[in-house]
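Quick look at model04.cif (mmCIF, C-alpha atoms):
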data_final
#
loop_
_atom_site.label_atom_id
_atom_site.label_comp_id
_atom_site.auth_asym_id
_atom_site.auth_seq_id
_atom_site.Cartn_x
_atom_site.Cartn_y
_atom_site.Cartn_z
CA MET Q 292 -61.81 45.75 -15.69
CA ALA Q 293 -64.96 46.58 -17.70
CA SER Q 294 -68.08 44.95 -16.39
CA LEU Q 295 -71.17 43.67 -18.16
CA PHE Q 296 -73.22 45.49 -15.58
CA GLY Q 297 -72.07 48.97 -16.58
CA ASP Q 298 -69.94 49.70 -13.52
CA GLU Q 299 -67.07 48.15 -11.63
CA GLU Q 300 -68.23 48.86 -8.09
CA GLU Q 301 -69.07 45.31 -7.01
CA VAL Q 302 -66.07 43.69 -8.71
CA GLU Q 303 -63.83 46.32 -7.10
CA LYS Q 304 -65.46 45.60 -3.74
CA PHE Q 305 -64.31 41.99 -4.01
CA ASP Q 306 -60.90 43.14 -5.33
CA ASP Q 307 -60.36 45.19 -2.18
CA ALA Q 308 -61.11 42.23 0.07
CA GLU Q 309 -58.92 39.97 -2.06
CA ALA Q 310 -56.06 42.47 -1.93
CA GLU Q 311 -56.10 42.33 1.87
CA VAL Q 312 -55.60 38.56 1.68
CA ASP Q 313 -52.88 38.84 -0.97
CA ALA Q 314 -51.00 41.40 1.12
CA ALA Q 315 -50.82 39.03 4.06
CA ALA Q 316 -48.33 36.19 4.42
CA PRO Q 317 -49.04 33.17 2.17
CA PRO Q 318 -51.34 30.62 3.79
CA GLU Q 319 -49.38 28.30 6.04
CA PRO Q 320 -49.96 24.55 5.54
CA VAL Q 321 -52.96 23.35 7.52
CA GLU Q 322 -52.98 19.73 8.59
CA LEU Q 323 -55.97 18.13 10.24
CA SER Q 324 -56.04 14.37 10.66
CA PRO Q 325 -59.19 12.85 12.21
CA LYS Q 326 -57.15 10.13 13.92
CA SER Q 327 -54.79 12.65 15.55
CA ASN Q 328 -57.45 15.15 16.62
CA PRO Q 329 -58.20 14.77 20.35
CA ASP Q 330 -61.17 17.15 20.33
CA LEU Q 331 -64.62 17.16 18.78
CA LEU Q 332 -66.74 20.32 18.81
CA GLY Q 333 -70.31 20.81 17.71
CA HIS Q 334 -71.55 17.23 18.12
CA GLU Q 335 -72.02 17.04 21.87
CA ALA Q 336 -75.55 15.60 21.64
CA VAL Q 337 -74.42 12.77 19.36
CA GLU Q 338 -71.49 11.99 21.64
CA ALA Q 339 -73.74 12.01 24.73
CA ALA Q 340 -76.16 9.56 23.09
CA LEU Q 341 -73.36 7.14 22.17
CA LEU Q 342 -71.91 7.36 25.66
CA ALA Q 343 -75.33 6.69 27.20
CA ASP Q 344 -75.70 3.59 25.02
CA PHE Q 345 -72.31 2.32 26.13
CA ASN Q 346 -73.02 2.91 29.80
CA ALA Q 347 -76.37 1.14 29.45
CA GLY Q 348 -74.78 -1.83 27.68
CA ARG Q 349 -76.59 -1.02 24.42
CA MET Q 350 -73.60 -0.30 22.17
CA PRO Q 351 -74.60 -1.50 18.68
CA HIS Q 352 -72.34 -3.70 16.59
CA ALA Q 353 -72.46 -1.31 13.60
CA LEU Q 354 -72.91 2.45 13.15
CA ILE Q 355 -73.39 4.67 10.11
CA LEU Q 356 -72.14 8.19 10.86
CA SER Q 357 -73.92 10.27 8.22
CA GLY Q 358 -73.65 13.94 7.33
CA PRO Q 359 -72.00 16.46 4.99
CA SER Q 360 -68.29 16.11 4.21
CA GLY Q 361 -65.82 17.67 6.60
CA ILE Q 362 -68.02 18.08 9.68
CA GLY Q 363 -66.20 15.61 11.95
CA LYS Q 364 -67.61 12.16 11.15
CA ALA Q 365 -64.20 10.48 10.89
CA THR Q 366 -63.00 12.41 13.96
CA LEU Q 367 -65.91 10.95 15.93
CA ALA Q 368 -65.19 7.46 14.56
CA TYR Q 369 -61.60 7.54 15.84
CA ARG Q 370 -62.71 9.17 19.08
CA LEU Q 371 -65.18 6.36 19.73
CA ALA Q 372 -62.59 3.71 18.81
CA ARG Q 373 -60.03 5.15 21.26
CA PHE Q 374 -62.67 5.31 23.97
CA LEU Q 375 -63.60 1.63 23.53
CA PHE Q 376 -59.96 0.56 23.49
CA LYS Q 377 -59.38 2.55 26.66
CA GLN Q 378 -62.27 0.82 28.43
CA GLY Q 379 -60.97 -2.65 27.67
CA GLY Q 380 -62.31 -4.94 30.35
CA GLU Q 381 -62.64 -2.15 32.89
CA GLN Q 382 -66.46 -2.32 32.94
CA GLU Q 383 -66.55 -5.48 35.03
CA ALA Q 384 -67.41 -5.18 38.71
CA GLY Q 385 -64.57 -4.30 41.03
CA LEU Q 386 -63.94 -5.40 44.61
CA PHE Q 387 -66.23 -2.72 46.02
CA GLY Q 388 -68.98 -2.84 43.38
CA GLU Q 389 -69.47 -1.36 39.94
CA PRO Q 390 -66.81 1.10 38.72
CA GLU Q 391 -67.80 4.67 37.99
CA LYS Q 392 -69.23 4.98 34.50
CA PRO Q 393 -67.26 7.15 32.05
CA SER Q 394 -68.62 10.66 31.50
CA THR Q 395 -66.91 11.44 28.20
CA LEU Q 396 -65.49 9.77 25.10
CA HIS Q 397 -62.34 11.89 25.40
CA VAL Q 398 -58.96 10.16 25.61
CA SER Q 399 -55.90 12.33 26.25
CA ALA Q 400 -53.45 12.79 23.40
CA GLU Q 401 -50.74 11.68 25.85
CA ASP Q 402 -52.40 8.34 26.47
CA PRO Q 403 -50.60 5.28 25.00
CA VAL Q 404 -53.86 4.14 23.39
CA PHE Q 405 -54.17 7.48 21.60
CA ARG Q 406 -50.58 7.33 20.35
CA ARG Q 407 -50.96 3.78 19.04
CA VAL Q 408 -54.09 4.73 17.10
CA VAL Q 409 -52.34 7.74 15.57
CA SER Q 410 -49.34 5.65 14.52
CA GLY Q 411 -51.54 2.90 13.10
CA GLY Q 412 -50.06 0.49 15.62
CA HIS Q 413 -53.16 -0.56 17.52
CA ALA Q 414 -53.67 -4.25 16.81
CA ASP Q 415 -57.43 -4.17 17.39
CA LEU Q 416 -58.18 -1.36 14.92
CA VAL Q 417 -58.62 -1.84 11.17
CA VAL Q 418 -59.16 1.18 8.92
CA VAL Q 419 -60.44 0.87 5.36
CA GLU Q 420 -60.51 3.86 2.99
CA ARG Q 421 -59.78 4.74 -0.60
CA GLU Q 422 -56.16 4.19 -1.57
CA LEU Q 423 -53.93 6.52 -3.56
CA ASP Q 424 -53.52 5.77 -7.25
CA GLU Q 425 -49.83 6.57 -7.59
CA LYS Q 426 -49.95 6.73 -11.39
CA LYS Q 427 -52.74 9.32 -11.43
CA GLY Q 428 -51.71 11.04 -8.21
CA LYS Q 429 -55.21 10.95 -6.73
CA LEU Q 430 -57.46 8.64 -4.77
CA LYS Q 431 -58.90 5.61 -6.53
CA GLN Q 432 -62.56 5.59 -7.51
CA ASP Q 433 -63.54 2.69 -5.24
CA ILE Q 434 -62.54 1.28 -1.88
CA ALA Q 435 -60.56 -1.93 -2.43
CA VAL Q 436 -62.72 -5.02 -2.03
CA ASP Q 437 -59.88 -7.07 -0.54
CA ALA Q 438 -59.55 -4.52 2.28
CA VAL Q 439 -63.26 -4.92 3.06
CA ARG Q 440 -62.96 -8.70 3.10
CA ASP Q 441 -60.08 -8.41 5.55
CA ILE Q 442 -62.41 -6.75 8.08
CA LYS Q 443 -64.21 -10.03 8.78
CA HIS Q 444 -60.94 -11.81 9.53
CA LYS Q 445 -59.79 -9.02 11.85
CA LEU Q 446 -63.05 -8.75 13.79
CA HIS Q 447 -63.34 -12.51 14.23
CA SER Q 448 -59.79 -12.84 15.52
CA LYS Q 449 -59.10 -12.77 19.22
CA ALA Q 450 -58.66 -9.23 20.55
CA ALA Q 451 -54.93 -8.59 20.88
CA GLU Q 452 -55.45 -6.42 23.96
CA GLY Q 453 -58.36 -8.31 25.47
CA GLY Q 454 -60.97 -5.62 24.84
CA TRP Q 455 -62.86 -4.21 21.89
CA ARG Q 456 -62.10 -4.65 18.20
CA VAL Q 457 -63.08 -1.77 15.89
CA ALA Q 458 -63.22 -1.39 12.11
CA ILE Q 459 -63.66 2.02 10.47
CA VAL Q 460 -64.70 2.32 6.82
CA ASP Q 461 -64.17 5.98 5.98
CA SER Q 462 -66.16 7.57 3.11
CA ALA Q 463 -68.02 4.30 2.71
CA GLU Q 464 -70.08 5.69 -0.17
CA TYR Q 465 -67.10 4.67 -2.33
CA LEU Q 466 -67.85 0.98 -1.79
CA ASN Q 467 -68.90 -0.55 -5.09
CA ALA Q 468 -71.50 -3.34 -5.34
CA THR Q 469 -68.91 -6.05 -4.69
CA GLY Q 470 -67.54 -4.17 -1.70
CA GLN Q 471 -71.01 -3.70 -0.21
CA ASN Q 472 -71.75 -7.38 -0.56
CA ALA Q 473 -68.47 -8.18 1.17
CA LEU Q 474 -69.49 -5.80 3.96
CA LEU Q 475 -72.77 -7.63 4.40
CA LYS Q 476 -70.84 -10.77 5.30
CA VAL Q 477 -69.16 -8.78 8.09
CA LEU Q 478 -72.55 -7.65 9.38
CA GLU Q 479 -74.21 -11.08 9.32
CA GLU Q 480 -72.60 -12.57 12.44
CA PRO Q 481 -70.77 -9.84 14.39
CA PRO Q 482 -68.74 -11.16 17.33
CA SER Q 483 -69.23 -9.66 20.79
CA LYS Q 484 -67.32 -6.49 21.69
CA THR Q 485 -66.79 -5.53 18.06
CA LEU Q 486 -67.88 -2.33 16.37
CA LEU Q 487 -68.01 -1.49 12.66
CA ILE Q 488 -68.20 2.25 11.92
CA LEU Q 489 -69.11 3.53 8.46
CA THR Q 490 -68.75 7.24 7.70
CA THR Q 491 -70.58 8.64 4.71
CA SER Q 492 -72.06 11.76 3.15
CA GLN Q 493 -74.38 9.62 1.00
CA PRO Q 494 -76.21 7.05 3.14
CA GLY Q 495 -78.65 6.45 0.29
CA ALA Q 496 -75.83 4.82 -1.68
CA PHE Q 497 -75.86 1.79 0.65
CA LEU Q 498 -77.84 -1.37 0.03
CA PRO Q 499 -81.03 -1.44 2.15
CA THR Q 500 -79.73 -4.63 3.82
CA ILE Q 501 -76.67 -2.71 5.03
CA ARG Q 502 -78.74 0.19 6.39
CA SER Q 503 -81.07 -2.23 8.19
CA ARG Q 504 -78.15 -3.87 10.02
CA CYS Q 505 -76.60 -0.60 11.24
CA ARG Q 506 -77.69 2.15 13.57
CA MET Q 507 -77.91 5.43 11.66
CA VAL Q 508 -76.38 8.43 13.43
CA ASN Q 509 -77.12 11.69 11.64
CA MET Q 510 -74.62 14.50 12.19
CA ASP Q 511 -75.48 18.11 11.36
CA PRO Q 512 -73.24 20.81 9.85
CA LEU Q 513 -71.34 22.80 12.44
CA ALA Q 514 -72.88 25.98 13.82
CA PRO Q 515 -71.25 29.23 12.59
CA ALA Q 516 -69.84 30.00 16.06
CA THR Q 517 -68.29 26.51 16.28
CA LEU Q 518 -66.79 26.81 12.80
CA ALA Q 519 -65.30 30.21 13.65
CA LYS Q 520 -63.79 28.80 16.85
CA LEU Q 521 -62.21 25.91 14.95
CA LEU Q 522 -60.79 28.23 12.28
CA GLU Q 523 -59.15 30.30 15.02
CA LYS Q 524 -57.72 27.13 16.55
CA PHE Q 525 -56.25 25.68 13.36
CA ILE Q 526 -55.34 29.00 11.69
CA PRO Q 527 -54.37 31.37 14.53
CA THR Q 528 -53.25 34.09 12.09
CA ILE Q 529 -56.52 34.29 10.15
CA GLY Q 530 -58.13 37.74 10.04
CA ASP Q 531 -61.72 38.33 11.13
CA GLY Q 532 -62.91 39.26 7.64
CA GLU Q 533 -61.43 36.19 5.99
CA LYS Q 534 -62.61 33.96 8.84
CA ASP Q 535 -66.19 35.21 8.46
CA ALA Q 536 -66.15 34.86 4.66
CA ILE Q 537 -64.75 31.33 4.75
CA SER Q 538 -67.23 30.35 7.48
CA ARG Q 539 -70.12 31.45 5.25
CA TYR Q 540 -68.66 29.68 2.24
CA ALA Q 541 -67.99 26.38 4.05
CA GLU Q 542 -71.59 26.01 5.30
CA GLY Q 543 -70.72 24.20 8.50
CA SER Q 544 -67.83 22.06 7.21
CA ILE Q 545 -64.48 22.64 8.93
CA GLY Q 546 -62.83 20.27 6.47
CA GLN Q 547 -64.04 22.33 3.53
CA ALA Q 548 -63.08 25.58 5.27
CA LEU Q 549 -59.52 24.45 5.94
CA GLN Q 550 -59.06 23.08 2.42
CA PHE Q 551 -60.42 26.31 0.93
CA TYR Q 552 -57.94 28.32 2.99
CA ALA Q 553 -55.00 26.05 2.15
CA ASP Q 554 -55.79 26.37 -1.57
CA GLY Q 555 -55.80 30.17 -1.43
CA GLY Q 556 -59.55 29.98 -1.94
CA MET Q 557 -60.22 33.69 -1.61
CA ALA Q 558 -57.96 34.42 -4.59
CA LEU Q 559 -59.45 31.56 -6.63
CA TYR Q 560 -62.95 32.77 -5.81
CA GLY Q 561 -62.04 36.26 -6.99
CA GLU Q 562 -60.63 35.03 -10.31
CA LEU Q 563 -63.72 32.94 -11.03
CA LEU Q 564 -66.06 35.76 -9.99
CA LYS Q 565 -64.40 38.19 -12.40
CA THR Q 566 -64.86 35.73 -15.24
CA VAL Q 567 -68.49 34.90 -14.45
CA SER Q 568 -69.33 38.61 -14.20
CA THR Q 569 -68.73 38.92 -17.98
CA ILE Q 570 -71.48 36.45 -18.94
CA PRO Q 571 -73.02 36.48 -21.57
CA ALA Q 572 -70.01 38.10 -23.25
CA LEU Q 573 -67.28 35.72 -22.10
CA ASP Q 574 -63.77 36.52 -23.29
CA ILE Q 575 -62.93 33.10 -24.74
CA VAL Q 576 -59.18 33.76 -24.96
CA ALA Q 577 -59.02 34.87 -21.33
CA LEU Q 578 -61.23 31.96 -20.33
CA HIS Q 579 -58.86 29.45 -21.95
CA ASN Q 580 -55.83 31.08 -20.29
CA ASN Q 581 -57.44 31.05 -16.85
CA ALA Q 582 -58.63 27.46 -17.25
CA GLU Q 583 -55.11 26.39 -18.21
CA LYS Q 584 -53.70 27.98 -15.06
CA LEU Q 585 -56.41 26.76 -12.68
CA SER Q 586 -56.35 23.15 -13.88
CA ARG Q 587 -52.64 22.52 -13.28
CA GLU Q 588 -53.01 21.54 -9.61
CA GLU Q 589 -55.48 18.80 -8.71
CA GLN Q 590 -56.65 20.30 -5.41
CA LYS Q 591 -57.06 23.83 -6.77
CA TYR Q 592 -59.05 22.41 -9.66
CA GLU Q 593 -61.29 20.63 -7.14
CA THR Q 594 -61.81 23.91 -5.27
CA CYS Q 595 -62.72 25.68 -8.52
CA ARG Q 596 -65.13 22.86 -9.31
CA ALA Q 597 -66.77 23.23 -5.90
CA ILE Q 598 -67.11 27.01 -6.30
CA LEU Q 599 -68.71 26.79 -9.76
CA THR Q 600 -71.21 24.05 -8.90
CA GLY Q 601 -71.87 25.79 -5.59
CA TRP Q 602 -72.83 29.01 -7.37
CA CYS Q 603 -75.33 27.20 -9.59
CA GLN Q 604 -76.85 25.36 -6.64
CA ARG Q 605 -77.02 28.56 -4.61
CA LEU Q 606 -78.73 30.50 -7.43
CA ALA Q 607 -81.22 27.69 -8.03
CA GLN Q 608 -82.11 27.59 -4.33
CA VAL Q 609 -82.45 31.38 -4.07
CA GLU Q 610 -84.74 31.45 -7.10
CA ALA Q 611 -86.87 28.57 -5.78
CA ARG Q 612 -87.37 30.40 -2.47
CA GLY Q 613 -88.16 33.73 -4.12
CA GLN Q 614 -85.27 35.42 -2.34
CA ARG Q 615 -82.43 37.76 -3.32
CA VAL Q 616 -78.78 36.68 -3.42
CA THR Q 617 -76.85 37.82 -0.36
CA ASP Q 618 -73.09 38.02 0.10
CA VAL Q 619 -70.99 35.02 0.96
CA MET Q 620 -67.76 36.69 -0.07
CA PRO Q 621 -67.64 40.51 0.00
CA GLY Q 622 -69.64 41.89 -2.95
CA ASP Q 623 -70.44 38.60 -4.66
CA GLY Q 624 -74.17 38.78 -3.92
CA MET Q 625 -74.78 41.71 -6.24
CA ILE Q 626 -72.79 40.14 -9.08
CA LEU Q 627 -74.55 36.78 -8.79
CA GLN Q 628 -77.97 38.42 -8.48
CA LYS Q 629 -77.39 40.33 -11.72
CA LEU Q 630 -76.34 37.06 -13.32
CA LEU Q 631 -79.52 35.37 -12.05
CA ASP Q 632 -81.70 38.20 -13.40
CA GLN Q 633 -80.47 37.61 -16.96
CA PHE Q 634 -81.88 34.12 -17.36
CA PRO Q 635 -85.30 32.44 -17.37
CA PRO Q 636 -86.62 30.37 -14.44
CA ARG Q 637 -84.85 27.06 -13.72
CA HIS Q 638 -81.83 28.08 -15.81
CA PHE Q 639 -79.40 27.51 -12.95
CA LEU Q 640 -81.13 24.37 -11.72
CA LEU Q 641 -80.59 22.85 -15.15
CA THR Q 642 -77.05 24.21 -15.27
CA TRP Q 643 -76.23 22.73 -11.85
CA GLU Q 644 -77.50 19.30 -12.87
CA LYS Q 645 -75.60 19.24 -16.17
CA MET Q 646 -72.44 20.78 -14.74
CA SER Q 647 -72.31 18.26 -11.89
CA GLN Q 648 -72.76 15.45 -14.41
CA MET Q 649 -70.00 16.88 -16.60
CA PHE Q 650 -67.50 17.11 -13.73
CA ARG Q 651 -68.30 13.53 -12.68
CA GLN Q 652 -67.76 12.36 -16.23
CA ALA Q 653 -64.44 14.21 -16.38
CA GLU Q 654 -63.35 12.50 -13.14
CA TRP Q 655 -64.47 8.98 -14.08
CA SER Q 656 -62.95 9.15 -17.56
CA ASN Q 657 -59.83 11.10 -16.54
CA LEU Q 658 -60.65 13.79 -19.10
CA ASP Q 659 -59.01 17.19 -19.63
CA LYS Q 660 -59.56 19.35 -16.54
CA ARG Q 661 -58.96 22.53 -18.53
CA GLN Q 662 -61.79 21.65 -20.89
CA ALA Q 663 -64.03 20.84 -17.94
CA LEU Q 664 -63.54 24.32 -16.45
CA ILE Q 665 -64.11 25.98 -19.82
CA GLY Q 666 -67.23 23.87 -20.30
CA ALA Q 667 -68.55 24.89 -16.87
CA PHE Q 668 -68.50 28.60 -17.75
CA LEU Q 669 -70.02 27.99 -21.17
CA MET Q 670 -72.77 25.94 -19.51
CA MET Q 671 -73.54 28.83 -17.16
CA GLN Q 672 -73.93 30.98 -20.25
CA ASN Q 673 -75.88 28.28 -22.11
CA PRO Q 674 -76.94 25.03 -20.34
CA SER Q 675 -77.31 23.34 -23.74
CA TYR Q 676 -73.60 23.68 -24.42
CA PRO Q 677 -72.38 20.10 -25.16
CA ALA Q 678 -69.37 20.14 -22.81
CA LEU Q 679 -67.49 16.82 -22.85
CA ALA Q 680 -70.35 15.32 -24.85
CA VAL Q 681 -72.71 15.44 -21.85
#
Serialized structure, structure tokens:
Amino acid sequence: MASLFGDEEEVEKFDDAEAEVDAAAPPEPVELSPKSNPDLLGHEAVEAALLADFNAGRMPHALILSGPSGIGKATLAYRLARFLFKQGGEQEAGLFGEPEKPSTLHVSAEDPVFRRVVSGGHADLVVVERELDEKKGKLKQDIAVDAVRDIKHKLHSKAAEGGWRVAIVDSAEYLNATGQNALLKVLEEPPSKTLLILTTSQPGAFLPTIRSRCRMVNMDPLAPATLAKLLEKFIPTIGDGEKDAISRYAEGSIGQALQFYADGGMALYGELLKTVSTIPALDIVALHNNAEKLSREEQKYETCRAILTGWCQRLAQVEARGQRVTDVMPGDGMILQKLLDQFPPRHFLLTWEKMSQMFRQAEWSNLDKRQALIGAFLMMQNPSYPALAV
């Protein structure tokens, strides 16, 4: 394929890496459910702090687990819930004095408490999250207000098993104003031995009155070595080259890494990279054909969206720091650096802002995904392009 940059070396470098992936067996389905995951890696300090609070009798009535998507926030929420259910009333003094304090939040996957949480059959656990819109085939924009209101009833009811009652609101940034106000009523008079856990990647979206009533627990992205270990665990057949590339791409998020792999992300990345390498001489016919193909599946479209906005953000950050673009995927650094060199300062910062706004508008208004992808490339070529009337 002819390249804008006068040679095909860097595009071919990526093609070679992509061919190795294509020659392998198709990606097997990867399933990772926070409520069924018995292990948590990379957040040992956070877990130790929560355990110390419990052992000292300082367990708060509400927590906000905050951090990037896919790093284990929901996994920790379920892990803490199982731990509290397992303790029950066991912390009272025994015949020969105080019982030994627990040294870990871990509960075995064979434990009845664990199995009831996985099945959704634990009477003292309520989970609130976005529901599926069956007509559109994707998650609804907001968390249902009625589900939030039900939390207060559940937490104020008598514990079915005589111990703790726990409510988890997953991805709580999707609470609208009405939902947040309903949540405030839960936080006003929390009963004893109850815990409300909010997970979020956008803690700033909460009302200040919610943040003031919860303990904030900040969780960091996973270290590269931890992410590599988790990829080996969940995808035993993954090759070292693909594992390293996906680890760099995912930036500490195992959830993002697994979704990228399941979507055939290396191949998608290659297709998008070939197209972007032709800027500013985009082949409009080829662009329309590719956008048509890539927009047919919701999740693959979302992965394409993440790659495109991620490139703009990455180029804006590199430029702001006065650095050069380095490889995430094999050979992409040189292509993206040449792209960056073509445009004036702040070009990709502006592009990232407008592209992110465009994709949000497309989601909120249920607009044509194909046009959104086309608009994204045309914005990279010209940030003033009026994609979707943004």
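Atom CA of Q:Tyr465 to atom CA of Q:Arg421 spans 7.5 Å [interatomic distance, one decimal].
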Running the PyMOL selection byres ((chain Q and resi 417) around 12) on this model by hand, what would come out? Give it as number ranges by chain. Q: 368-369, 372, 408, 411-416, 418-420, 438-446, 448, 450, 455-461, 485-488
Give me, please, the distance in Å between atom CA of Q:Val616 and atom CA of Q:Lys629, quoted to one decimal. 9.2 Å
For Q:Gln604, work out the shell of residues within 10 Å, counting all atoms listed in the file and skipping chain neighbours fewer than 6 positions away, then give it as a PDB file with C-alpha atoms, in the coordinates of the input.
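The file below, around11.pdb, is the result:
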ATOM      1  CA  ILE Q 598     -67.110  27.010  -6.300  1.00  0.00           C
ATOM      2  CA  GLU Q 610     -84.740  31.450  -7.100  1.00  0.00           C
ATOM      3  CA  PHE Q 639     -79.400  27.510 -12.950  1.00  0.00           C
ATOM      4  CA  LEU Q 640     -81.130  24.370 -11.720  1.00  0.00           C
ATOM      5  CA  LEU Q 641     -80.590  22.850 -15.150  1.00  0.00           C
ATOM      6  CA  THR Q 642     -77.050  24.210 -15.270  1.00  0.00           C
ATOM      7  CA  TRP Q 643     -76.230  22.730 -11.850  1.00  0.00           C
ATOM      8  CA  GLU Q 644     -77.500  19.300 -12.870  1.00  0.00           C
ATOM      9  CA  SER Q 647     -72.310  18.260 -11.890  1.00  0.00           C
TER      10      SER Q 647
END
Counting only C-alpha atoms, the residue among Q:Gly622, Q:Pro403, Q:Gly470, Q:Gly379 that lies closest to Q:Gly454 is Q:Gly379
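Separating atom CA of Q:Gln590 from atom CA of Q:Gly428 is a distance of 10.9 Å.
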Which residues would end up in the selection if the PyMOL selection byres ((chain Q and resi 366) around 8) were applied here, given that I need the answer as JSON, numbers by chain? {"Q": [324, 325, 326, 328, 331, 363, 364, 365, 367, 368, 369, 370]}
Just the selected residues (C-alpha atoms), exported as a tab-separated table (two decimals), in the coordinates of the input, please.
chain	number	residue	atom	x	y	z
Q	324	SER	CA	-56.04	14.37	10.66
Q	325	PRO	CA	-59.19	12.85	12.21
Q	326	LYS	CA	-57.15	10.13	13.92
Q	328	ASN	CA	-57.45	15.15	16.62
Q	331	LEU	CA	-64.62	17.16	18.78
Q	363	GLY	CA	-66.20	15.61	11.95
Q	364	LYS	CA	-67.61	12.16	11.15
Q	365	ALA	CA	-64.20	10.48	10.89
Q	367	LEU	CA	-65.91	10.95	15.93
Q	368	ALA	CA	-65.19	7.46	14.56
Q	369	TYR	CA	-61.60	7.54	15.84
Q	370	ARG	CA	-62.71	9.17	19.08
May I have the residues within 12 Å of Q:Arg506 as a ChimeraX atom specification, using all atoms listed in the file and disregarding those fewer than 4 positions away in the same chain? /Q:341,344,349-357,478,486-490,494,501-502
Pick the closest to Q:Glu593 from Q:Leu375, Q:Ala663, Q:Val477, Q:Ala519: which is it, counting all atoms listed in the file? Q:Ala663
Taking (-62.5, 36.9, -22.5) in the file's coordinates as the center, which residues reach within 12 Å of it, counting all atoms listed in the file, put as JSON, numbers by chain? {"Q": [292, 293, 294, 295, 565, 566, 567, 568, 569, 570, 571, 572, 573, 574, 575, 576, 577, 578, 579, 580, 581, 582, 665, 668, 669]}
For Q:Lys534: contacts at 8 Å, only C-alpha atoms, fewer than 3 positions along chain excluded, given as a list in words: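 My list of contacting residues is Ala519, Leu522, Glu523, Ile529, Gly530, Asp531, Ile537 and Ser538 of chain Q.
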Env of Q:Gln493: 9 Å cut, atoms = all atoms listed in the file, seq-sep filter 5 positions within chain, self excluded. Answer as a PyMOL selection string. chain Q and resi 357-359+462-464
Counting all atoms listed in the file, closest pick from Q:Phe345, Q:Glu480, Q:Ala536, Q:Glu542 relative to Q:Leu513 is Q:Glu542
Quick one: residues within 12 Å of Q:Gly348, all atoms listed in the file counted, chain neighbours fewer than 4 positions away excluded, as a ChimeraX atom specification? /Q:341-344,352,382-383,392,483-484
Answer as a PyMOL selection string, residues within 7 Å of (-75.1, 20.3, 17.1) using all atoms listed in the file: chain Q and resi 333-336+511+513-514
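Here, the PyMOL selection byres ((chain Q and resi 618) around 12) matches Q:Glu301, Q:Lys304, Q:Phe305, Q:Asp535, Q:Ala536, Q:Ile537, Q:Arg539, Q:Tyr540, Q:Trp602, Q:Arg605, Q:Arg615, Q:Val616, Q:Thr617, Q:Val619, Q:Met620, Q:Pro621, Q:Gly622, Q:Asp623, Q:Gly624, Q:Met625, Q:Ile626, Q:Leu627, Q:Gln628.
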